[in-house]
Amino acid sequence: MKLIPIILILALVGAASFKPLAAAADEAPTTQVTIDGYAFKAPSITVAAGTVVVWKNLDDDPHTVTAVDGSFDSGGLAQGDTFRHTFSKPGTYQYYCKVHPMMRGTVIVKEASS
Amino acid sequence: MKIDRSKFLECMAWCGTGAIYTLAGPGIVGRALADTMSTPLAGKTFVQISDTHVGFHGQANTDVIATFQQAIDKINALPQRPDFVMHTGDLTHLSKADQFDTVKQMLGTIKAGAVYAVPGEHDVIDDRGASFFSTFGHGAAHWYSFDAAGVHAIALTNVLDITAGGVLGRDQLEWVRSDLAGQRANTPIVVFAHIPLYAAYPQWGWTTDDYMELLAMLRRFESVTVLNGHIHQVLSKVDGKVKFFTADSTAFPQPAPGTAPKPGPLTVPAGELGQHLGIRNVTIVGIPGPIAVADETLAQ
């Protein structure tokens with residue numbers, strides 16, 4: 001009947017190890033891109049893998065942040081709305097605004113330095 | 001622009017209270033201020049409204065519901081009940097369900113033979129227009145035609161898969177070709193779509209990429225009137241027998257082409273907003289006959 005204590009210990013260890021992971025997530029690097037005057041500012045950014053990019057729409061016209069490859073899509077952002085996306089894998093991600101397709105942006109994701 | 005006086009007076013006689021008038025038949029195309037006059041009700045009529053942007057709360061108009069209501073009140077006060085009203089898109093600002101619901105309820109109070117709509121890019125943001133078409137559409141079709149007020153009306157969608165300007169696409173163009181095939185050359189044709197179906201100002205995306213193909217199909221007709229929204233101001237262009245008109249919004253104006261770094265809601269001095277918003281009254285005088293396009297601001 002040693003099974004139950006072992007499970008309990010595992011559960012406790014699991015709980016203990018979960019907390020630091022959550023704290024790490026909170027500390028994920030964040031970069032902001034503003035949407036202002038029908039443009040993404042800056043239109044091209046380079047970030048490390050794991051970075052959270054936050055877009056904020058300052059215009060009173062709605063915009064979207066939509067990946068060309070379909071990997072993310074903010075939906076309509078009203079004035080003051082934000083959209084967050086975590087870029088986990090290195091690569092070049094092109095995006096645009098579905099309402100104003102001439103608005104284009106790029107996120108270049110590099111390997112995270114250890 | 002020179003306007004022959006006799007033709008000017010002839011037009012004034014039945015342009016009614018229009019602030020800006022244009023004869024889309026042979027003869028004159030122009031703009032003039034007109035006093036309030038009695039309207040002889042010489043023909044059938046329809047009304048175009050556009051860009052109500054329900055859900056917009058910006059500085060350019062803090063109460064778009066009130067100005068939309070003013071537009072509806074103007075339609076309902078017309079001396080002749082219009083055969084139909086066409087809303088040329090951007091009914092909503094963000095394609096939200098409650099915004100579509102508000103627009104549907106308000107359009108339901110219009111006194112007209114029928115009320116139609118085509119979508120703007122603001123109406124198709126999250127679902128490629130599924131909500132719009134289920135609320136205001138004609139079944140599964142994204143485009144349709146009907147005969148009313150003595151014209152053959154074609155209602156098109158050019159806001160899906162847009163690039164910089166609008167796009168009609170192969171399927172829709174082929175549908176227009178077959179729809180027009182059954183029409184006689186002297187039938188007045190009226191084409192509706194949200195984004196201008198001509199190069200109004202391509203630098204701001206105020207054009208439709210494949211409009212030339214549509215234009216080629218329209219050239220055999222004696223009277224073609226193309227009515228669009230999107231740019232929140234009245235512009236017109238004549239290309240042979242085809243006349244293009246963009247319409248005022250009921251919500252907020254936008255800058256004239258090239259007068260600002262970017263398009264977008266334009267804030268005008270307090271008290272002047274109504275002069276920049278409006279509705280469009282269209283009169284068909286006999287079949288076939290000239291089509292009178294009269295724009296009336298909400299301030300009138």
# chains A, B, ... in the order shown; residues from 1 in each chain; ligands from 1

call {"tool": "residues_around", "arguments": {"residues": "Phe68 of chain B", "least_positions_apart": "4", "cutoff": "9 Å", "atoms": "only C-alpha atoms", "output": "list in words"}}
result
Thr52, His53, Val54, Asp63, Val64, Ile72, Asp73, Met106, Thr250 and Ala251 of chain B

call {"tool": "select_by_dssp", "arguments": {"residues": "segment 5-222 of chain B", "states": "helix (DSSP H, G or I)", "output": "MDAnalysis selection string"}}
result
chainID B and resid 5:15 64:76 97:107 121:123 130:136 170:181 202:204 211:218

call {"tool": "interface_residues", "arguments": {"of": "chain B", "to": "chain A", "cutoff": "12 Å", "atoms": "only C-alpha atoms", "output": "PyMOL selection string"}}
result
chain B and resi 53+55-62+90+92-96+120-128+159-167+202-206+230+252+254+260-267

call {"tool": "write_last_selection", "arguments": {"atoms": "C-alpha atoms", "output": "mmCIF file, in the first residue's frame"}}
result
data_model
loop_
_atom_site.group_PDB
_atom_site.id
_atom_site.type_symbol
_atom_site.label_atom_id
_atom_site.label_comp_id
_atom_site.auth_asym_id
_atom_site.auth_seq_id
_atom_site.Cartn_x
_atom_site.Cartn_y
_atom_site.Cartn_z
ATOM 1 C CA HIS B 53 -21.086 52.298 -39.729
ATOM 2 C CA GLY B 55 -20.820 50.579 -33.936
ATOM 3 C CA PHE B 56 -18.502 53.494 -34.729
ATOM 4 C CA HIS B 57 -17.807 55.647 -31.665
ATOM 5 C CA GLY B 58 -14.982 57.876 -32.855
ATOM 6 C CA GLN B 59 -14.574 61.604 -32.657
ATOM 7 C CA ALA B 60 -15.824 62.131 -36.214
ATOM 8 C CA ASN B 61 -19.367 61.190 -35.111
ATOM 9 C CA THR B 62 -20.184 60.168 -31.568
ATOM 10 C CA ASP B 90 -20.519 49.251 -44.375
ATOM 11 C CA THR B 92 -21.756 48.058 -39.484
ATOM 12 C CA HIS B 93 -18.358 49.156 -38.271
ATOM 13 C CA LEU B 94 -17.110 45.805 -36.940
ATOM 14 C CA SER B 95 -19.448 43.067 -38.252
ATOM 15 C CA LYS B 96 -20.744 42.398 -34.709
ATOM 16 C CA GLY B 120 -18.815 46.697 -47.291
ATOM 17 C CA GLU B 121 -15.446 45.460 -46.063
ATOM 18 C CA HIS B 122 -16.518 46.369 -42.521
ATOM 19 C CA ASP B 123 -19.393 43.881 -42.806
ATOM 20 C CA VAL B 124 -17.225 40.845 -43.629
ATOM 21 C CA ILE B 125 -14.392 41.156 -41.096
ATOM 22 C CA ASP B 126 -14.502 37.943 -39.099
ATOM 23 C CA ASP B 127 -16.515 35.445 -41.110
ATOM 24 C CA ARG B 128 -16.174 36.353 -44.783
ATOM 25 C CA VAL B 159 -15.146 43.367 -50.623
ATOM 26 C CA LEU B 160 -14.095 39.727 -50.248
ATOM 27 C CA ASP B 161 -10.455 38.757 -50.801
ATOM 28 C CA ILE B 162 -9.581 42.368 -51.434
ATOM 29 C CA THR B 163 -6.017 43.303 -52.283
ATOM 30 C CA ALA B 164 -5.639 47.048 -52.210
ATOM 31 C CA GLY B 165 -8.827 47.871 -54.053
ATOM 32 C CA GLY B 166 -12.004 45.861 -54.430
ATOM 33 C CA VAL B 167 -12.244 42.559 -56.264
ATOM 34 C CA PRO B 202 -6.288 53.970 -56.536
ATOM 35 C CA GLN B 203 -3.582 55.388 -54.261
ATOM 36 C CA TRP B 204 -6.001 54.888 -51.363
ATOM 37 C CA GLY B 205 -7.463 51.653 -52.665
ATOM 38 C CA TRP B 206 -10.541 53.482 -53.972
ATOM 39 C CA HIS B 230 -16.956 53.385 -49.396
ATOM 40 C CA PHE B 252 -18.838 60.533 -41.105
ATOM 41 C CA GLN B 254 -13.573 61.103 -45.351
ATOM 42 C CA ALA B 260 -4.673 63.949 -46.286
ATOM 43 C CA PRO B 261 -1.865 61.449 -45.727
ATOM 44 C CA LYS B 262 -4.387 58.602 -45.392
ATOM 45 C CA PRO B 263 -8.104 58.009 -45.804
ATOM 46 C CA GLY B 264 -10.206 57.561 -42.688
ATOM 47 C CA PRO B 265 -12.838 59.255 -40.538
ATOM 48 C CA LEU B 266 -12.631 63.034 -40.929
ATOM 49 C CA THR B 267 -13.641 65.238 -38.018
#

call {"tool": "atom_distance", "arguments": {"atom1": "atom CA of Gln275 of chain B", "atom2": "atom CA of Ile195 of chain B"}}
result
22.3 Å

call {"tool": "atom_distance", "arguments": {"atom1": "atom CA of Ala112 of chain A", "atom2": "atom CA of Pro29 of chain A"}}
result
10.6 Å

call {"tool": "select_by_dssp", "arguments": {"residues": "segment 15-113 of chain A", "states": "strand (DSSP E or B)", "output": "number ranges by chain"}}
result
A: 30-35, 40-41, 44-48, 51-57, 63, 66-67, 73, 77, 82-87, 91-96, 104-110

call {"tool": "residues_around", "arguments": {"residues": "segment 146-151 of chain B", "least_positions_apart": "6", "cutoff": "10 Å", "atoms": "only C-alpha atoms", "output": "list of chain:residue names"}}
result
B:Gly43, B:Lys44, B:Thr45, B:Phe46, B:Pro82, B:Asp83, B:Phe84, B:Gly113, B:Ala114, B:Thr187, B:Pro188, B:Ile189, B:Val190, B:Val191, B:Ser223, B:Val224, B:Thr225, B:Val282, B:Thr283, B:Ile284, B:Val285, B:Gly286, B:Ile287, B:Pro288, B:Gly289, B:Ile291

call {"tool": "write_last_selection", "arguments": {"atoms": "N, CA and C atoms", "output": "short mmCIF file (atom, residue, chain, number, x, y, z; two decimals), in the first residue's frame"}}
result
data_model
loop_
_atom_site.label_atom_id
_atom_site.label_comp_id
_atom_site.auth_asym_id
_atom_site.auth_seq_id
_atom_site.Cartn_x
_atom_site.Cartn_y
_atom_site.Cartn_z
N GLY B 43 -41.46 60.38 -62.48
CA GLY B 43 -41.07 59.01 -62.76
C GLY B 43 -40.98 58.18 -61.51
N LYS B 44 -40.48 56.97 -61.69
CA LYS B 44 -40.27 56.08 -60.54
C LYS B 44 -38.99 56.50 -59.81
N THR B 45 -38.90 56.14 -58.56
CA THR B 45 -37.75 56.58 -57.78
C THR B 45 -37.17 55.44 -56.95
N PHE B 46 -35.89 55.57 -56.65
CA PHE B 46 -35.29 54.74 -55.60
C PHE B 46 -34.28 55.59 -54.85
N PRO B 82 -40.28 55.61 -52.39
CA PRO B 82 -39.36 54.99 -53.35
C PRO B 82 -39.71 53.53 -53.61
N ASP B 83 -39.47 53.10 -54.86
CA ASP B 83 -39.72 51.70 -55.19
C ASP B 83 -38.80 50.78 -54.40
N PHE B 84 -37.57 51.24 -54.16
CA PHE B 84 -36.69 50.47 -53.30
C PHE B 84 -35.60 51.36 -52.73
N GLY B 113 -40.73 50.20 -51.23
CA GLY B 113 -41.21 48.95 -51.78
C GLY B 113 -40.38 47.77 -51.32
N ALA B 114 -39.08 47.99 -51.19
CA ALA B 114 -38.16 46.94 -50.73
C ALA B 114 -36.88 47.60 -50.25
N THR B 187 -32.61 48.94 -71.99
CA THR B 187 -33.01 48.79 -70.58
C THR B 187 -32.03 49.57 -69.71
N PRO B 188 -32.52 50.49 -68.87
CA PRO B 188 -31.58 51.19 -67.97
C PRO B 188 -30.97 50.20 -66.98
N ILE B 189 -29.66 50.22 -66.90
CA ILE B 189 -28.94 49.31 -66.00
C ILE B 189 -28.40 50.14 -64.82
N VAL B 190 -28.62 49.66 -63.62
CA VAL B 190 -28.03 50.30 -62.44
C VAL B 190 -27.22 49.23 -61.70
N VAL B 191 -25.95 49.53 -61.46
CA VAL B 191 -25.06 48.58 -60.81
C VAL B 191 -24.68 49.12 -59.43
N SER B 223 -28.02 53.25 -71.25
CA SER B 223 -28.01 53.99 -69.99
C SER B 223 -27.51 53.08 -68.87
N VAL B 224 -26.35 53.41 -68.35
CA VAL B 224 -25.79 52.62 -67.24
C VAL B 224 -25.41 53.58 -66.11
N THR B 225 -25.87 53.30 -64.93
CA THR B 225 -25.57 54.12 -63.76
C THR B 225 -24.94 53.22 -62.70
N VAL B 282 -32.89 58.98 -56.57
CA VAL B 282 -32.71 58.71 -58.00
C VAL B 282 -34.09 58.60 -58.64
N THR B 283 -34.28 59.36 -59.72
CA THR B 283 -35.56 59.37 -60.42
C THR B 283 -35.36 58.87 -61.84
N ILE B 284 -36.20 57.95 -62.25
CA ILE B 284 -36.16 57.41 -63.61
C ILE B 284 -37.32 58.03 -64.37
N VAL B 285 -36.98 58.83 -65.37
CA VAL B 285 -38.00 59.61 -66.08
C VAL B 285 -38.33 58.91 -67.38
N GLY B 286 -39.34 58.08 -67.36
CA GLY B 286 -39.74 57.37 -68.58
C GLY B 286 -38.80 56.23 -68.88
N ILE B 287 -39.29 55.28 -69.64
CA ILE B 287 -38.49 54.12 -70.01
C ILE B 287 -38.48 54.00 -71.53
N PRO B 288 -37.37 54.15 -72.22
CA PRO B 288 -36.10 54.58 -71.64
C PRO B 288 -36.10 56.09 -71.47
N GLY B 289 -35.35 56.56 -70.55
CA GLY B 289 -35.29 58.00 -70.33
C GLY B 289 -34.15 58.32 -69.41
N ILE B 291 -31.96 59.35 -66.20
CA ILE B 291 -31.99 59.02 -64.77
C ILE B 291 -31.39 60.20 -64.03
#

call {"tool": "atom_distance", "arguments": {"atom1": "atom CA of Val85 of chain B", "atom2": "atom CA of Ala155 of chain B"}}
result
12.1 Å

call {"tool": "residues_around", "arguments": {"residues": "Glu213 of chain B", "least_positions_apart": "6", "cutoff": "10 Å", "atoms": "only C-alpha atoms", "output": "ChimeraX atom specification"}}
result
/B:168,170,173,177

call {"tool": "write_last_selection", "arguments": {"atoms": "N, CA and C atoms", "output": "short mmCIF file (atom, residue, chain, number, x, y, z; two decimals), in the first residue's frame"}}
result
data_model
loop_
_atom_site.label_atom_id
_atom_site.label_comp_id
_atom_site.auth_asym_id
_atom_site.auth_seq_id
_atom_site.Cartn_x
_atom_site.Cartn_y
_atom_site.Cartn_z
N LEU B 168 -13.94 41.79 -57.83
CA LEU B 168 -15.18 41.11 -58.20
C LEU B 168 -14.95 39.61 -58.34
N ARG B 170 -13.62 36.09 -60.81
CA ARG B 170 -14.04 35.42 -62.03
C ARG B 170 -15.49 34.95 -61.98
N LEU B 173 -17.97 37.89 -62.23
CA LEU B 173 -17.96 38.50 -63.56
C LEU B 173 -18.70 37.63 -64.57
N ARG B 177 -22.06 38.52 -66.72
CA ARG B 177 -22.14 38.34 -68.17
C ARG B 177 -23.43 37.61 -68.55
#

call {"tool": "residues_around", "arguments": {"residues": "Val47 of chain B", "least_positions_apart": "5", "cutoff": "12 Å", "atoms": "only C-alpha atoms", "output": "count of residues only"}}
result
40

call {"tool": "residues_around", "arguments": {"residues": "segment 87-95 of chain A", "least_positions_apart": "6", "cutoff": "8 Å", "atoms": "only C-alpha atoms", "output": "count of residues only"}}
result
19
